[in-house]
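Text of final_38.cif, listed as mmCIF, C-alpha atoms and all ligand atoms:
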```cif
data_start
#
loop_
_atom_site.group_PDB
_atom_site.id
_atom_site.type_symbol
_atom_site.label_atom_id
_atom_site.label_comp_id
_atom_site.auth_asym_id
_atom_site.auth_seq_id
_atom_site.Cartn_x
_atom_site.Cartn_y
_atom_site.Cartn_z
ATOM 1 C CA MET A 1 -22.405 10.683 14.005
ATOM 2 C CA PRO A 2 -19.390 8.515 14.928
ATOM 3 C CA GLU A 3 -16.208 10.606 15.050
ATOM 4 C CA LEU A 4 -13.822 7.735 15.787
ATOM 5 C CA ALA A 5 -12.751 4.781 13.663
ATOM 6 C CA VAL A 6 -10.462 1.792 13.877
ATOM 7 C CA ILE A 7 -9.039 0.272 10.704
ATOM 8 C CA GLY A 8 -8.021 -3.297 11.445
ATOM 9 C CA GLY A 9 -5.145 -4.676 9.396
ATOM 10 C CA THR A 10 -3.902 -8.257 9.085
ATOM 11 C CA GLY A 11 -5.013 -10.293 12.107
ATOM 12 C CA VAL A 12 -7.381 -7.630 13.468
ATOM 13 C CA TYR A 13 -10.711 -8.676 12.014
ATOM 14 C CA GLU A 14 -13.114 -8.310 14.927
ATOM 15 C CA ALA A 15 -14.752 -5.285 16.498
ATOM 16 C CA GLY A 16 -14.792 -7.264 19.767
ATOM 17 C CA PHE A 17 -13.851 -4.230 21.853
ATOM 18 C CA LEU A 18 -17.137 -2.533 20.905
ATOM 19 C CA SER A 19 -20.627 -3.332 22.140
ATOM 20 C CA GLY A 20 -23.885 -3.447 20.192
ATOM 21 C CA VAL A 21 -22.014 -3.805 16.908
ATOM 22 C CA LYS A 22 -24.139 -3.480 13.758
ATOM 23 C CA PRO A 23 -23.069 -3.856 10.107
ATOM 24 C CA HIS A 24 -23.514 -0.954 7.671
ATOM 25 C CA ALA A 25 -22.891 -0.751 3.917
ATOM 26 C CA LEU A 26 -21.952 2.619 2.454
ATOM 27 C CA VAL A 27 -22.090 3.543 -1.207
ATOM 28 C CA THR A 28 -19.252 5.922 -2.143
ATOM 29 C CA PRO A 29 -18.211 7.362 -5.527
ATOM 30 C CA TYR A 30 -15.449 4.698 -5.481
ATOM 31 C CA GLY A 31 -17.477 1.643 -4.544
ATOM 32 C CA THR A 32 -19.398 0.122 -1.651
ATOM 33 C CA VAL A 33 -17.754 -0.277 1.740
ATOM 34 C CA GLU A 34 -18.873 -2.523 4.571
ATOM 35 C CA VAL A 35 -18.213 -1.356 8.115
ATOM 36 C CA GLN A 36 -19.376 -2.161 11.601
ATOM 37 C CA ILE A 37 -20.480 0.476 14.081
ATOM 38 C CA GLY A 38 -20.612 -0.092 17.821
ATOM 39 C CA ARG A 39 -20.087 1.662 21.150
ATOM 40 C CA HIS A 40 -16.838 2.033 23.041
ATOM 41 C CA GLU A 41 -18.013 2.284 26.631
ATOM 42 C CA GLY A 42 -14.701 3.638 27.893
ATOM 43 C CA THR A 43 -14.803 6.881 25.889
ATOM 44 C CA GLY A 44 -15.901 10.104 27.591
ATOM 45 C CA GLY A 45 -18.829 10.088 30.029
ATOM 46 C CA GLY A 46 -21.381 7.986 28.183
ATOM 47 C CA GLY A 47 -19.175 6.146 25.707
ATOM 48 C CA ALA A 48 -18.839 6.905 22.019
ATOM 49 C CA GLU A 49 -19.765 5.401 18.691
ATOM 50 C CA VAL A 50 -16.816 3.875 16.832
ATOM 51 C CA VAL A 51 -16.651 2.641 13.241
ATOM 52 C CA PHE A 52 -14.670 -0.527 12.636
ATOM 53 C CA LEU A 53 -13.366 -1.340 9.157
ATOM 54 C CA THR A 54 -11.304 -4.354 8.140
ATOM 55 C CA ARG A 55 -8.773 -3.202 5.583
ATOM 56 C CA HIS A 56 -8.460 -6.543 3.798
ATOM 57 C CA GLY A 57 -12.202 -7.278 3.826
ATOM 58 C CA ILE A 58 -13.988 -10.273 5.310
ATOM 59 C CA GLY A 59 -11.656 -13.267 5.662
ATOM 60 C CA HIS A 60 -8.606 -11.271 4.473
ATOM 61 C CA SER A 61 -9.876 -11.619 0.910
ATOM 62 C CA VAL A 62 -8.429 -8.426 -0.629
ATOM 63 C CA PRO A 63 -4.660 -8.229 -1.338
ATOM 64 C CA PRO A 64 -2.786 -4.950 -0.637
ATOM 65 C CA HIS A 65 -2.709 -3.759 -4.259
ATOM 66 C CA ARG A 66 -6.466 -4.316 -4.710
ATOM 67 C CA ILE A 67 -7.676 -2.579 -1.553
ATOM 68 C CA ASN A 68 -10.107 0.208 -2.405
ATOM 69 C CA TYR A 69 -8.315 2.780 -0.238
ATOM 70 C CA ARG A 70 -10.292 5.735 -1.542
ATOM 71 C CA ALA A 71 -13.659 4.077 -0.938
ATOM 72 C CA ASN A 72 -12.625 3.070 2.596
ATOM 73 C CA ILE A 73 -11.440 6.521 3.619
ATOM 74 C CA TRP A 74 -14.314 8.299 1.891
ATOM 75 C CA ALA A 75 -16.818 6.055 3.672
ATOM 76 C CA LEU A 76 -15.311 6.889 7.072
ATOM 77 C CA ARG A 77 -15.399 10.601 6.355
ATOM 78 C CA ALA A 78 -18.962 10.400 5.057
ATOM 79 C CA LEU A 79 -19.954 8.781 8.352
ATOM 80 C CA GLY A 80 -18.513 11.770 10.227
ATOM 81 C CA VAL A 81 -15.212 10.223 11.341
ATOM 82 C CA LYS A 82 -12.463 12.666 12.302
ATOM 83 C CA ARG A 83 -9.915 10.414 14.016
ATOM 84 C CA ILE A 84 -8.652 7.012 12.882
ATOM 85 C CA PHE A 85 -6.542 4.468 14.744
ATOM 86 C CA ALA A 86 -5.147 1.935 12.286
ATOM 87 C CA THR A 87 -3.243 -1.303 12.805
ATOM 88 C CA GLY A 88 -0.891 -3.055 10.425
ATOM 89 C CA ALA A 89 1.529 -5.969 10.258
ATOM 90 C CA VAL A 90 5.083 -5.005 9.294
ATOM 91 C CA GLY A 91 8.500 -6.493 8.742
ATOM 92 C CA SER A 92 11.340 -4.938 10.741
ATOM 93 C CA LEU A 93 14.521 -3.527 9.224
ATOM 94 C CA GLN A 94 16.076 -2.864 12.640
ATOM 95 C CA GLU A 95 17.422 -5.502 15.048
ATOM 96 C CA ARG A 96 16.024 -3.547 18.017
ATOM 97 C CA MET A 97 12.458 -3.800 16.642
ATOM 98 C CA ALA A 98 11.800 -7.490 17.174
ATOM 99 C CA PRO A 99 8.856 -9.694 16.157
ATOM 100 C CA GLY A 100 6.036 -9.090 18.641
ATOM 101 C CA ASP A 101 7.005 -5.424 19.189
ATOM 102 C CA CYS A 102 4.617 -2.522 18.554
ATOM 103 C CA VAL A 103 5.802 0.589 16.716
ATOM 104 C CA LEU A 104 3.997 3.960 16.752
ATOM 105 C CA VAL A 105 4.781 5.019 13.202
ATOM 106 C CA SER A 106 5.792 8.662 12.685
ATOM 107 C CA ASP A 107 6.845 9.000 9.023
ATOM 108 C CA PHE A 108 6.761 7.107 5.736
ATOM 109 C CA LEU A 109 8.641 6.402 2.533
ATOM 110 C CA ASP A 110 6.361 5.753 -0.430
ATOM 111 C CA PHE A 111 7.459 2.956 -2.764
ATOM 112 C CA ALA A 112 3.927 1.760 -3.543
ATOM 113 C CA ARG A 113 3.176 1.943 -7.259
ATOM 114 C CA GLU A 114 0.111 1.816 -9.445
ATOM 115 C CA ARG A 115 -2.611 2.554 -6.941
ATOM 116 C CA PRO A 116 -4.852 5.621 -6.875
ATOM 117 C CA ALA A 117 -3.287 7.736 -4.138
ATOM 118 C CA THR A 118 -5.358 10.932 -4.087
ATOM 119 C CA PHE A 119 -8.915 12.225 -4.211
ATOM 120 C CA PHE A 120 -7.723 15.262 -6.135
ATOM 121 C CA GLU A 121 -7.383 14.228 -9.776
ATOM 122 C CA GLY A 122 -7.658 17.729 -11.257
ATOM 123 C CA GLN A 123 -10.789 19.143 -12.781
ATOM 124 C CA GLY A 124 -12.326 16.773 -15.303
ATOM 125 C CA ALA A 125 -9.856 13.974 -14.590
ATOM 126 C CA GLY A 126 -10.379 10.872 -12.479
ATOM 127 C CA GLY A 127 -13.530 9.806 -14.275
ATOM 128 C CA GLY A 128 -15.597 12.768 -13.146
ATOM 129 C CA SER A 129 -15.278 16.148 -11.572
ATOM 130 C CA GLY A 130 -11.762 15.416 -10.300
ATOM 131 C CA PHE A 131 -12.145 17.825 -7.357
ATOM 132 C CA GLY A 132 -9.388 20.240 -8.397
ATOM 133 C CA VAL A 133 -5.656 20.361 -7.753
ATOM 134 C CA VAL A 134 -4.580 20.037 -4.131
ATOM 135 C CA HIS A 135 -1.075 19.604 -2.725
ATOM 136 C CA THR A 136 -1.475 18.196 0.748
ATOM 137 C CA ASP A 137 1.043 18.925 3.481
ATOM 138 C CA VAL A 138 2.490 15.721 4.954
ATOM 139 C CA SER A 139 5.256 17.306 7.038
ATOM 140 C CA GLU A 140 3.733 15.331 9.911
ATOM 141 C CA PRO A 141 1.778 12.539 8.202
ATOM 142 C CA TYR A 142 0.758 10.725 11.395
ATOM 143 C CA CYS A 143 -1.278 12.767 13.882
ATOM 144 C CA PRO A 144 0.998 13.788 16.795
ATOM 145 C CA GLU A 145 -1.971 13.925 19.149
ATOM 146 C CA LEU A 146 -3.043 10.356 18.390
ATOM 147 C CA ARG A 147 0.570 9.240 18.859
ATOM 148 C CA ARG A 148 0.742 10.999 22.218
ATOM 149 C CA VAL A 149 -2.485 9.277 23.279
ATOM 150 C CA LEU A 150 -1.116 5.912 22.122
ATOM 151 C CA ARG A 151 2.000 6.590 24.217
ATOM 152 C CA GLN A 152 -0.209 7.267 27.215
ATOM 153 C CA ALA A 153 -2.088 4.049 26.453
ATOM 154 C CA SER A 154 1.248 2.224 26.438
ATOM 155 C CA GLU A 155 2.075 3.600 29.901
ATOM 156 C CA ALA A 156 -1.411 2.791 31.209
ATOM 157 C CA THR A 157 -1.483 -0.784 29.891
ATOM 158 C CA GLY A 158 2.186 -1.702 30.259
ATOM 159 C CA VAL A 159 2.336 -2.682 26.564
ATOM 160 C CA ALA A 160 5.762 -1.452 25.441
ATOM 161 C CA VAL A 161 6.031 0.502 22.184
ATOM 162 C CA HIS A 162 8.767 1.941 20.006
ATOM 163 C CA ASP A 163 7.718 5.581 19.913
ATOM 164 C CA GLY A 164 8.425 6.687 16.356
ATOM 165 C CA GLY A 165 9.536 4.834 13.276
ATOM 166 C CA CYS A 166 9.629 5.242 9.518
ATOM 167 C CA TYR A 167 7.346 2.932 7.498
ATOM 168 C CA VAL A 168 8.306 2.132 3.931
ATOM 169 C CA SER A 169 5.273 1.186 1.865
ATOM 170 C CA THR A 170 5.783 -1.287 -0.973
ATOM 171 C CA SER A 171 3.246 -2.451 -3.537
ATOM 172 C CA GLY A 172 3.126 -6.113 -2.592
ATOM 173 C CA PRO A 173 1.741 -8.645 -2.766
ATOM 174 C CA ARG A 174 5.230 -10.165 -2.950
ATOM 175 C CA PHE A 175 7.665 -9.627 -0.105
ATOM 176 C CA GLU A 176 10.817 -7.581 -0.748
ATOM 177 C CA THR A 177 14.226 -8.716 -1.957
ATOM 178 C CA PRO A 178 17.243 -8.472 0.386
ATOM 179 C CA ALA A 179 18.673 -5.729 -1.861
ATOM 180 C CA GLU A 180 15.466 -3.690 -1.544
ATOM 181 C CA ILE A 181 15.594 -4.048 2.227
ATOM 182 C CA ARG A 182 19.244 -2.904 2.325
ATOM 183 C CA MET A 183 18.275 0.106 0.188
ATOM 184 C CA PHE A 184 15.261 0.976 2.339
ATOM 185 C CA ARG A 185 17.406 0.776 5.494
ATOM 186 C CA ARG A 186 19.946 3.182 3.979
ATOM 187 C CA LEU A 187 17.094 5.534 3.146
ATOM 188 C CA GLY A 188 15.962 5.591 6.763
ATOM 189 C CA ALA A 189 13.168 3.012 6.931
ATOM 190 C CA ASP A 190 12.547 1.097 10.161
ATOM 191 C CA VAL A 191 9.596 -1.095 9.168
ATOM 192 C CA VAL A 192 8.109 -2.279 5.887
ATOM 193 C CA GLY A 193 4.512 -2.972 4.926
ATOM 194 C CA MET A 194 2.253 -3.005 1.876
ATOM 195 C CA THR A 195 -0.744 -0.880 2.809
ATOM 196 C CA ASN A 196 -0.085 2.307 4.731
ATOM 197 C CA VAL A 197 0.422 4.499 1.686
ATOM 198 C CA PRO A 198 -1.926 5.784 0.362
ATOM 199 C CA GLU A 199 -4.243 5.138 3.336
ATOM 200 C CA VAL A 200 -2.575 7.676 5.636
ATOM 201 C CA VAL A 201 -2.397 10.284 2.843
ATOM 202 C CA LEU A 202 -6.049 9.933 1.854
ATOM 203 C CA ALA A 203 -7.076 10.430 5.477
ATOM 204 C CA ARG A 204 -5.072 13.653 5.605
ATOM 205 C CA GLU A 205 -6.541 14.838 2.307
ATOM 206 C CA LEU A 206 -9.951 14.739 3.958
ATOM 207 C CA GLY A 207 -8.673 16.423 7.115
ATOM 208 C CA MET A 208 -8.754 13.370 9.371
ATOM 209 C CA CYS A 209 -6.270 12.453 12.116
ATOM 210 C CA TYR A 210 -4.570 9.120 11.526
ATOM 211 C CA GLY A 211 -2.436 7.087 13.937
ATOM 212 C CA LEU A 212 -0.821 3.741 13.130
ATOM 213 C CA VAL A 213 0.132 0.980 15.543
ATOM 214 C CA ALA A 214 2.379 -1.348 13.554
ATOM 215 C CA MET A 215 3.029 -4.858 14.842
ATOM 216 C CA VAL A 216 6.376 -6.351 13.860
ATOM 217 C CA THR A 217 5.647 -9.878 12.670
ATOM 218 C CA ASN A 218 9.042 -10.765 11.181
ATOM 219 C CA TYR A 219 12.513 -9.485 10.392
ATOM 220 C CA ALA A 220 12.557 -8.240 6.786
ATOM 221 C CA ALA A 221 13.868 -10.217 3.817
ATOM 222 C CA GLY A 222 17.497 -11.269 4.008
ATOM 223 C CA MET A 223 17.911 -10.500 7.716
ATOM 224 C CA THR A 224 17.591 -14.039 9.080
ATOM 225 C CA GLY A 225 18.348 -16.323 6.155
ATOM 226 C CA ASN A 226 14.840 -17.830 6.366
ATOM 227 C CA PRO A 227 12.218 -17.379 3.647
ATOM 228 C CA LEU A 228 9.254 -15.149 4.520
ATOM 229 C CA THR A 229 5.741 -16.574 4.667
ATOM 230 C CA HIS A 230 2.328 -15.061 5.195
ATOM 231 C CA ALA A 231 1.713 -17.865 7.729
ATOM 232 C CA GLU A 232 4.551 -16.509 9.893
ATOM 233 C CA VAL A 233 3.010 -13.021 9.704
ATOM 234 C CA VAL A 234 -0.419 -14.328 10.701
ATOM 235 C CA GLU A 235 0.958 -16.517 13.521
ATOM 236 C CA THR A 236 3.029 -13.756 15.111
ATOM 237 C CA MET A 237 0.081 -11.395 14.804
ATOM 238 C CA ALA A 238 -2.244 -13.907 16.487
ATOM 239 C CA GLU A 239 0.229 -14.381 19.352
ATOM 240 C CA ASN A 240 0.490 -10.623 19.947
ATOM 241 C CA VAL A 241 -2.809 -9.167 18.817
ATOM 242 C CA ARG A 242 -3.888 -8.644 22.450
ATOM 243 C CA LYS A 243 -1.189 -5.931 22.693
ATOM 244 C CA ILE A 244 -2.682 -3.998 19.783
ATOM 245 C CA ARG A 245 -6.191 -4.401 21.122
ATOM 246 C CA ALA A 246 -5.137 -3.164 24.576
ATOM 247 C CA LEU A 247 -3.365 -0.123 23.143
ATOM 248 C CA VAL A 248 -6.143 0.910 20.782
ATOM 249 C CA TRP A 249 -8.947 0.224 23.249
ATOM 250 C CA ARG A 250 -7.235 2.303 25.936
ATOM 251 C CA ALA A 251 -6.262 5.056 23.482
ATOM 252 C CA LEU A 252 -9.903 5.471 22.423
ATOM 253 C CA GLY A 253 -10.745 6.189 26.047
ATOM 254 C CA LEU A 254 -7.903 8.691 26.511
ATOM 255 C CA LEU A 255 -8.680 10.949 23.552
ATOM 256 C CA PRO A 256 -9.422 14.569 24.409
ATOM 257 C CA ALA A 257 -12.901 15.618 23.278
ATOM 258 C CA GLU A 258 -11.581 18.266 20.863
ATOM 259 C CA ARG A 259 -8.710 17.975 18.397
ATOM 260 C CA SER A 260 -5.768 20.291 19.059
ATOM 261 C CA CYS A 261 -3.589 19.157 16.134
ATOM 262 C CA LEU A 262 -3.335 20.630 12.631
ATOM 263 C CA CYS A 263 -4.537 17.551 10.726
ATOM 264 C CA GLY A 264 -7.826 19.184 9.765
ATOM 265 C CA ARG A 265 -6.288 22.430 8.608
ATOM 266 C CA ASN A 266 -3.402 21.930 6.260
ATOM 267 C CA LEU A 267 -4.779 21.594 2.770
ATOM 268 C CA ILE A 268 -3.097 23.858 0.241
ATOM 269 C CA VAL A 269 -5.332 24.699 -2.690
ATOM 270 C CA VAL A 270 -3.864 25.607 -6.060
ATOM 271 C CA GLY A 271 -6.216 27.224 -8.545
ATOM 272 C CA GLU A 272 -9.964 27.582 -8.277
ATOM 273 C CA PRO A 273 -12.023 24.928 -6.476
ATOM 274 C CA PRO A 274 -14.006 23.090 -9.165
ATOM 275 C CA ALA A 275 -17.735 23.655 -9.492
ATOM 276 C CA ALA A 276 -18.407 20.054 -8.492
ATOM 277 C CA ALA A 277 -16.858 20.628 -5.086
ATOM 278 C CA SER A 278 -19.036 23.606 -4.301
ATOM 279 C CA ALA A 279 -22.038 21.641 -5.559
ATOM 280 C CA GLY A 280 -21.320 19.068 -2.861
ATOM 281 C CA GLU A 281 -20.028 16.272 -5.085
ATOM 282 C CA GLY A 282 -16.369 16.559 -4.200
ATOM 283 C CA PRO A 283 -14.545 15.784 -0.968
ATOM 284 C CA ASP A 284 -16.545 18.623 0.561
ATOM 285 C CA ALA A 285 -19.616 16.453 0.385
ATOM 286 C CA PRO A 286 -19.495 14.571 3.709
ATOM 287 C CA ASP A 287 -19.785 17.636 5.928
ATOM 288 C CA GLY A 288 -18.027 20.565 4.347
ATOM 289 C CA SER A 289 -14.765 20.048 6.221
ATOM 290 C CA VAL A 290 -12.518 20.354 3.180
ATOM 291 C CA ARG A 291 -14.163 23.609 2.249
ATOM 292 C CA GLU A 292 -13.538 24.882 5.796
ATOM 293 C CA ASN A 293 -9.910 23.879 5.452
ATOM 294 C CA ARG A 294 -9.609 25.807 2.257
ATOM 295 C CA LYS A 295 -10.898 28.946 3.933
ATOM 296 C CA GLN A 296 -8.246 28.613 6.588
ATOM 297 C CA VAL A 297 -5.366 28.663 4.100
ATOM 298 C CA GLU A 298 -6.788 31.341 1.822
HETATM 299 N N1 LIG B 1 7.224 -6.970 4.110
HETATM 300 C C1 LIG B 1 6.107 -6.338 3.692
HETATM 301 N N2 LIG B 1 4.958 -6.380 4.372
HETATM 302 C C2 LIG B 1 4.932 -7.080 5.512
HETATM 303 C C3 LIG B 1 6.056 -7.754 6.001
HETATM 304 C C4 LIG B 1 7.280 -7.697 5.262
HETATM 305 O O1 LIG B 1 8.312 -8.266 5.629
HETATM 306 N N3 LIG B 1 5.685 -8.374 7.159
HETATM 307 C C5 LIG B 1 4.377 -8.047 7.362
HETATM 308 N N4 LIG B 1 3.916 -7.276 6.375
#
```

Let me see the structure of the file written as structure tokens.
Ligand code: HPA
Amino acid sequence: MPELAVIGGTGVYEAGFLSGVKPHALVTPYGTVEVQIGRHEGTGGGGAEVVFLTRHGIGHSVPPHRINYRANIWALRALGVKRIFATGAVGSLQERMAPGDCVLVSDFLDFARERPATFFEGQGAGGGSGFGVVHTDVSEPYCPELRRVLRQASEATGVAVHDGGCYVSTSGPRFETPAEIRMFRRLGADVVGMTNVPEVVLARELGMCYGLVAMVTNYAAGMTGNPLTHAEVVETMAENVRKIRALVWRALGLLPAERSCLCGRNLIVVGEPPAAASAGEGPDAPDGSVRENRKQVE
């Protein structure tokens, strides 16, 4: 079973760093997800299987507010994935984070509205079993071990990174107003994007490690006096995508075999687990990992 995955954001549509890539379609309780699975020859002794998923679908056809985040993350977990490297295009709120720079994101502010943001809808809610009530710890939302490995990848490849940064997630698909950007900066945001929440949260709910390499494609609204365009985002991404590829490819090869972080162990369960979960229909279903997590906090 593949334990590693890469989620490619804007401009990262190819699993070119993998060999023997084959398409797979997975049916999840939230919809069908198409992924590619190939081998990363640089991982461990004999290489490793890696799942590649394009967040915006084939040809960037799905806008941020329509992405089926729950189906995507569920599909990865069902395949056996435990660690995810994700990429994303962002606007910068800080002069020192310039277009073309990579940021290893370490925290988030959630301003994304009206999108399902949890697997745990309470018993009977969410159109089915609901999987109970769970309050997930996000004291450290991005896996510190994956960030450390990405830092090592930066040293090994010479691709400079900003180590740490706060990502504010908006709903999109419109860009922000200058007033919103001023507010987000006051609140502590460094970069802005439209997709990372709930993706990072859903991964944590299922006990997976998640690391994000954000590529700054533009200064945020109101910072330069120029209007923002998706074309500018895509162009800057295309010019710099080799940096992201180098970092992620190298990071995959530097991962320790076993996880030493807490990402798989910090679910807090309130109330009784619903019957559906013990019957294997809830988030326990892929391989029982959520149930294991529960035991550890009980
Ligand atoms: N705002 C929101 N999302 C983005 C931006 C931005 O300025 N640039 C790239 N993705």

Chain A residues near ligand LIG 1 (chain B) within 10 Å, closest pair each, using only C-alpha atoms and all ligand atoms, as CSV:
```
residue,atom,partner,partner_atom,distance
A:Gly9,CA,B:LIG1,N4,9.9
A:Thr10,CA,B:LIG1,N4,8.3
A:Pro64,CA,B:LIG1,N2,9.3
A:Gly88,CA,B:LIG1,N4,7.6
A:Ala89,CA,B:LIG1,C5,4.6
A:Val90,CA,B:LIG1,C5,3.7
A:Gly91,CA,B:LIG1,O1,3.6
A:Ser92,CA,B:LIG1,O1,6.8
A:Leu93,CA,B:LIG1,O1,8.6
A:Pro99,CA,B:LIG1,N3,9.6
A:Val168,CA,B:LIG1,C1,8.8
A:Ser169,CA,B:LIG1,C1,7.8
A:Thr170,CA,B:LIG1,C1,6.9
A:Ser171,CA,B:LIG1,C1,8.7
A:Gly172,CA,B:LIG1,C1,7.0
A:Pro173,CA,B:LIG1,C1,8.1
A:Arg174,CA,B:LIG1,C1,7.7
A:Phe175,CA,B:LIG1,N1,5.0
A:Glu176,CA,B:LIG1,N1,6.1
A:Thr177,CA,B:LIG1,N1,9.4
A:Ile181,CA,B:LIG1,N1,9.1
A:Val191,CA,B:LIG1,C4,8.0
A:Val192,CA,B:LIG1,C1,5.0
A:Gly193,CA,B:LIG1,N2,3.5
A:Met194,CA,B:LIG1,N2,5.0
A:Thr195,CA,B:LIG1,N2,8.1
A:Ala214,CA,B:LIG1,C5,9.3
A:Met215,CA,B:LIG1,C5,8.2
A:Val216,CA,B:LIG1,C5,7.0
A:Thr217,CA,B:LIG1,N3,5.7
A:Asn218,CA,B:LIG1,N3,5.8
A:Tyr219,CA,B:LIG1,O1,6.5
A:Ala220,CA,B:LIG1,O1,4.4
A:Ala221,CA,B:LIG1,O1,6.2
A:Gly222,CA,B:LIG1,O1,9.8
A:Leu228,CA,B:LIG1,O1,7.0
A:Thr229,CA,B:LIG1,N3,8.6
A:His230,CA,B:LIG1,C5,7.6
A:Glu232,CA,B:LIG1,N3,8.7
A:Val233,CA,B:LIG1,C5,5.7
A:Val234,CA,B:LIG1,C5,8.6
A:Thr236,CA,B:LIG1,C5,9.7
A:Met237,CA,B:LIG1,C5,9.2
```

Reference answer for the PyMOL selection byres (((chain A and resi 105) around 9) and not hetatm), as an MDAnalysis selection string: chainID A and resid 103:104 106:108 142 147 162:167 191 211:214

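Distance annotation: of A:Leu4, A:Arg204, A:Tyr13, A:His24, the residue with the minimal separation from His40 in chain A is A:Leu4; atom set is all atoms listed in the file.
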
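Proximity of A:Glu239, A:Ser260, A:Ala246, A:Val50 to Arg148 in chain A, computed with all atoms listed in the file, is greatest for A:Ser260.
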
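CA of Gly20 in chain A to CA of Arg70 in chain A spans 27.2 Å [interatomic distance, one decimal].
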
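Distance check against Leu255 in chain A using only C-alpha atoms: of A:Pro23, A:Gly31, A:Gly47, A:Gly80, the minimum falls on A:Gly47.
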
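If you measure from each of A:Ala98, A:Pro178, A:Ala15, A:Ile84 to Pro227 in chain A using all atoms listed in the file, the closest one turns out to be A:Pro178.
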
Test item: the PyMOL selection byres (((chain A and resi 85) around 10) and not hetatm) resolved as an MDAnalysis selection string: chainID A and resid 4:8 52 83:84 86:87 143 146:147 150 209:213 248:249 251:252

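Residue nearest Asn240 in chain A within the list A:Glu14, A:Glu121, A:Asp137, A:Asp101: A:Asp101 [criterion: smallest interatomic distance, all atoms listed in the file].
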
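Taking only C-alpha atoms into account, Ala25 in chain A lies nearest to A:Ala75 out of the set A:Ala238, A:Ile58, A:Ala48, A:Ala75.
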
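We find CA of Val81 in chain A and CA of Ala153 in chain A to be spaced 20.9 Å apart.
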
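The spacing separating CA of Glu199 in chain A from CA of Thr157 in chain A amounts to 27.3 Å.
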
Find the spatial neighbours of Val27 in chain A, counting only C-alpha atoms, within a cut-off of 9 Å - ignore same-chain residues fewer than 5 positions away - and output them as a PDB file with C-alpha atoms, keeping the file's coordinate frame.
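File produced: part15.pdb:
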```pdb
ATOM      1  CA  THR A  32     -19.398   0.122  -1.651  1.00  0.00           C
ATOM      2  CA  VAL A  33     -17.754  -0.277   1.740  1.00  0.00           C
ATOM      3  CA  GLU A  34     -18.873  -2.523   4.571  1.00  0.00           C
ATOM      4  CA  ALA A  71     -13.659   4.077  -0.938  1.00  0.00           C
ATOM      5  CA  ALA A  75     -16.818   6.055   3.672  1.00  0.00           C
TER       6      ALA A  75
END
```
